[in-house]
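S.K.: First, the structure itself, so that you have it in front of you.
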Amino acid sequence: MSDPNSSAAPHHPQPFDDVDRNPGSSKPDPILIADNVTRTFGGVQAVNVAHLEIQRGCITGLIGPNGAGKTTLFNLLTGFDKADTGSWTVNGAATSQLPAYKVARQGMVRTFQLTKALSKLTVLDNVRLGATGQTGERMLGALMPWTWRRQEAEITERAYAMLERFKLDTKADDLAGSLSGGQRKLLEMARALMTNPEIVMLDEPMAGVNPALTQSLLGHIKSLRDEGMTVVFVEHDMDVIRDVSDWVVVMAQGSIIAEGPPSELSNNSAVVDAYLGSHHDKPLEFDDDGNPVGETAEMVAEMESELVETLEAGGDLSAGPESTSTHRRDDR
Ligand SMILES: Nc1ncnc2c1ncn2[C@@H]1O[C@H](COP(=O)(O)OP(=O)(O)OP(=O)(O)O)[C@@H](O)[C@H]1O
């Protein structure tokens with residue numbers, strides 16, 4: 001039976017209560033809506049997303065085996081790469097094919113799997129640069145003093161406040177290159193937040209972060225959501241996904257193959273069943289660059305070849321494997 005304390009509490013409607021557990025399902029209040037987004041590299045179809053909606057004010061986890069297209073999708077949506085086809089909106093404004101700094105002005109920013117902190121600049125200057133939008137052509141302008149002057153004091157003040165928030169203020173004058181991997185992740189989040197974004201896309205924010213900083217990063221991600229921001233993040237660690245995600249989108253072979261709440265991940269979708277395999281209760285292991293190692297690497301390789309085999313045999317991933325499964329099948 002349920003906990004008597006919780007049974008006394010009224011049920012507050014949650015944003016995902018009535019959302020279908022289907023790839024591309026409609027959300028009650030989507031901040032991001034994307035259609036027919038495709039990108040090929042040579043012969044490889046890296047992304048082929050028919051429809052995606054991201055619910056406002058929630059944390060959406062994006063998972064999938066290596067090479068599923070998660071980073072490429074982030075790059076396309078945030079203007080760091082050009083889609084072959086597709087259109088998408090942020091807050092109803094068309095942002096498809098805009099360069100990254102213009103996407104940032106529309107309220108959507110991203111961080112990188114391998115952090116792009118400028119190692120020869122101070123920690124403070126890295127954060128101040130965030131105020132101009134994203135790294136790229138705008139950065140050169142920002143480095144020229146006359147473009148700074150008008151807002152410099154205000155920007156510096158906000159940058160310090162951001163460093164305090166991420167407990168990097170004592171390192172403000174150090175070169176970014178001297179920070180640890182985890183501190184760079186924090187720095188990158190601080191920089192991304194300087195544009196006051198409404199939606200933050202985090203590419204593997206935990207990769208290369210030591211356990212002490214992991215909890216702190218998780219806490220930061222939850223507080224962004226609690227402040228009303230929308231967070232979309234790529235993550236391989238299923239414990240992290242279960243801990244922080246309100247909703248999970250699963251990609252494989254460039255497409256979205258499943259969506260649902262994290263609690264239904266391991267028993268709802270046969271696709272995710274194949275993705276998680278039988279090893280999912282073991283802790284996953286990654287090296288400092290976020291690449292799987294040891295048993296995790298073997299498991300990922302196994303999962304990838306299963307998916308490839310299914311696809312090459314003309315199988316339908318969304319239908320799930322025909323093989324006997326110890327997990328409950330749910331055909332919603
Ligand atoms: N610049 C590129 N040139 C050629 N192929 C690319 C390029 N970027 C990505 N790809 C290919 O596109 C596919 C999707 O890659 P992507 O990095 O988006 O996957 P991912 O899901 O982010 O993987 P991971 O979890 O390993 O980061 C892969 O087959 C990859 O090799």
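Ligands are numbered from 1 in the order shown, chains are lettered A, B, ... in the order of the structure tokens, and residues start at 1 in each chain.
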Please report, as a tab-separated table, each residue of chain A lying at most 10 Å from ligand 1, together with the nearest pair of atoms and the separation in Å rounded to one decimal; use only C-alpha atoms and all ligand atoms, and order rows by chain and ascending residue number.
M.R.:
```
residue	atom	partner	partner_atom_place_in_ligand_line	distance
A:Arg39	CA	ligand 1	12 (O)	8.4
A:Thr40	CA	ligand 1	12 (O)	7.3
A:Phe41	CA	ligand 1	4 (C)	4.8
A:Gly42	CA	ligand 1	4 (C)	6.9
A:Gly43	CA	ligand 1	5 (N)	8.9
A:Val44	CA	ligand 1	29 (O)	6.1
A:Gln45	CA	ligand 1	12 (O)	6.7
A:Ala46	CA	ligand 1	12 (O)	3.9
A:Val47	CA	ligand 1	14 (C)	6.9
A:Leu62	CA	ligand 1	21 (O)	9.1
A:Ile63	CA	ligand 1	21 (O)	7.7
A:Gly64	CA	ligand 1	21 (O)	6.1
A:Pro65	CA	ligand 1	25 (O)	5.8
A:Asn66	CA	ligand 1	26 (O)	3.5
A:Gly67	CA	ligand 1	19 (O)	3.4
A:Ala68	CA	ligand 1	21 (O)	3.6
A:Gly69	CA	ligand 1	18 (O)	3.2
A:Lys70	CA	ligand 1	21 (O)	3.8
A:Thr71	CA	ligand 1	22 (O)	3.6
A:Thr72	CA	ligand 1	18 (O)	3.7
A:Leu73	CA	ligand 1	18 (O)	6.4
A:Phe74	CA	ligand 1	18 (O)	8.0
A:Asn75	CA	ligand 1	18 (O)	8.3
A:Leu76	CA	ligand 1	18 (O)	9.8
A:Asp81	CA	ligand 1	1 (N)	9.0
A:Gln113	CA	ligand 1	27 (O)	7.7
A:Asp203	CA	ligand 1	22 (O)	8.4
A:Glu204	CA	ligand 1	27 (O)	8.2
A:Val234	CA	ligand 1	25 (O)	8.0
A:Glu235	CA	ligand 1	25 (O)	8.1
A:His236	CA	ligand 1	25 (O)	7.4
A:Val250	CA	ligand 1	21 (O)	9.9
A:Met251	CA	ligand 1	21 (O)	7.4
A:Ala252	CA	ligand 1	21 (O)	7.6
A:Gln253	CA	ligand 1	14 (C)	7.5
A:Gly254	CA	ligand 1	14 (C)	6.6
A:Gly290	CA	ligand 1	27 (O)	8.4
A:Asn291	CA	ligand 1	26 (O)	7.4
A:Pro292	CA	ligand 1	26 (O)	9.0
A:Val300	CA	ligand 1	25 (O)	9.9
```
S.K.: Report as an mmCIF file with N, CA and C atoms, in the first residue's frame: the residues of segment 19-139 of chain A with a DSSP assignment of helix (DSSP H, G or I), based on the backbone of this structure.
M.R.:
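Output saved as out.cif:
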```cif
data_model
loop_
_atom_site.group_PDB
_atom_site.id
_atom_site.type_symbol
_atom_site.label_atom_id
_atom_site.label_comp_id
_atom_site.auth_asym_id
_atom_site.auth_seq_id
_atom_site.Cartn_x
_atom_site.Cartn_y
_atom_site.Cartn_z
ATOM 1 N N LYS A 70 22.460 12.210 -30.742
ATOM 2 C CA LYS A 70 22.055 13.162 -29.700
ATOM 3 C C LYS A 70 22.817 14.485 -29.835
ATOM 4 N N THR A 71 24.147 14.385 -29.940
ATOM 5 C CA THR A 71 24.948 15.611 -30.043
ATOM 6 C C THR A 71 24.637 16.350 -31.335
ATOM 7 N N THR A 72 24.470 15.605 -32.425
ATOM 8 C CA THR A 72 24.156 16.256 -33.702
ATOM 9 C C THR A 72 22.821 16.986 -33.604
ATOM 10 N N LEU A 73 21.830 16.373 -32.969
ATOM 11 C CA LEU A 73 20.535 17.041 -32.805
ATOM 12 C C LEU A 73 20.703 18.331 -31.996
ATOM 13 N N PHE A 74 21.483 18.263 -30.910
ATOM 14 C CA PHE A 74 21.763 19.480 -30.125
ATOM 15 C C PHE A 74 22.408 20.547 -31.014
ATOM 16 N N ASN A 75 23.403 20.128 -31.798
ATOM 17 C CA ASN A 75 24.104 21.084 -32.663
ATOM 18 C C ASN A 75 23.139 21.762 -33.632
ATOM 19 N N LEU A 76 22.240 20.974 -34.206
ATOM 20 C CA LEU A 76 21.302 21.528 -35.190
ATOM 21 C C LEU A 76 20.352 22.515 -34.519
ATOM 22 N N LEU A 77 19.753 22.080 -33.418
ATOM 23 C CA LEU A 77 18.726 22.910 -32.784
ATOM 24 C C LEU A 77 19.304 24.219 -32.250
ATOM 25 N N ALA A 100 24.211 30.318 -33.952
ATOM 26 C CA ALA A 100 24.078 30.057 -32.518
ATOM 27 C C ALA A 100 23.790 31.313 -31.691
ATOM 28 N N TYR A 101 24.457 32.431 -32.030
ATOM 29 C CA TYR A 101 24.255 33.596 -31.160
ATOM 30 C C TYR A 101 22.840 34.147 -31.287
ATOM 31 N N LYS A 102 22.228 33.956 -32.483
ATOM 32 C CA LYS A 102 20.833 34.408 -32.634
ATOM 33 C C LYS A 102 19.878 33.450 -31.928
ATOM 34 N N VAL A 103 20.218 32.157 -31.951
ATOM 35 C CA VAL A 103 19.403 31.190 -31.201
ATOM 36 C C VAL A 103 19.459 31.544 -29.720
ATOM 37 N N ALA A 104 20.659 31.916 -29.246
ATOM 38 C CA ALA A 104 20.817 32.285 -27.835
ATOM 39 C C ALA A 104 19.939 33.484 -27.495
ATOM 40 N N ARG A 105 19.832 34.432 -28.435
ATOM 41 C CA ARG A 105 18.970 35.596 -28.177
ATOM 42 C C ARG A 105 17.501 35.208 -28.099
ATOM 43 N N VAL A 123 38.852 32.779 -15.706
ATOM 44 C CA VAL A 123 37.534 32.218 -15.428
ATOM 45 C C VAL A 123 36.477 33.317 -15.545
ATOM 46 N N LEU A 124 36.778 34.487 -14.983
ATOM 47 C CA LEU A 124 35.814 35.594 -15.026
ATOM 48 C C LEU A 124 35.534 36.004 -16.478
ATOM 49 N N ASP A 125 36.595 36.141 -17.291
ATOM 50 C CA ASP A 125 36.375 36.567 -18.678
ATOM 51 C C ASP A 125 35.585 35.529 -19.466
ATOM 52 N N ASN A 126 35.810 34.261 -19.173
ATOM 53 C CA ASN A 126 35.013 33.220 -19.836
ATOM 54 C C ASN A 126 33.528 33.434 -19.569
ATOM 55 N N VAL A 127 33.200 33.751 -18.335
ATOM 56 C CA VAL A 127 31.790 33.937 -17.990
ATOM 57 C C VAL A 127 31.267 35.230 -18.605
ATOM 58 N N ARG A 128 32.113 36.286 -18.584
ATOM 59 C CA ARG A 128 31.662 37.555 -19.178
ATOM 60 C C ARG A 128 31.345 37.381 -20.656
ATOM 61 N N LEU A 129 32.115 36.552 -21.337
ATOM 62 C CA LEU A 129 31.858 36.324 -22.760
ATOM 63 C C LEU A 129 30.486 35.710 -23.000
ATOM 64 N N GLY A 130 30.006 34.962 -22.005
ATOM 65 C CA GLY A 130 28.681 34.368 -22.136
ATOM 66 C C GLY A 130 27.608 35.412 -22.347
ATOM 67 N N GLU A 137 31.284 34.041 -33.775
ATOM 68 C CA GLU A 137 31.715 35.319 -34.329
ATOM 69 C C GLU A 137 31.512 36.489 -33.371
ATOM 70 N N ARG A 138 30.481 36.377 -32.497
ATOM 71 C CA ARG A 138 30.215 37.467 -31.572
ATOM 72 C C ARG A 138 31.360 37.659 -30.587
ATOM 73 N N MET A 139 32.101 36.601 -30.356
ATOM 74 C CA MET A 139 33.133 36.672 -29.330
ATOM 75 C C MET A 139 34.204 37.697 -29.684
#
```
S.K.: Counting only C-alpha atoms, which residue out of A:Gly182, A:Gly79, A:Pro197, A:Pro15 sits closest to Val231 of chain A?
M.R.: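 Ranking A:Gly182, A:Gly79, A:Pro197, A:Pro15 by distance to Val231 of chain A, first place goes to A:Pro197.
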S.K.: Restricting the calculation to only C-alpha atoms: of A:Leu168, A:Ser216, A:Ser223, A:Met162, which residue gets closest to Met194 of chain A?
M.R.: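 Comparing A:Leu168, A:Ser216, A:Ser223, A:Met162 against Met194 of chain A, the winner is A:Met162.
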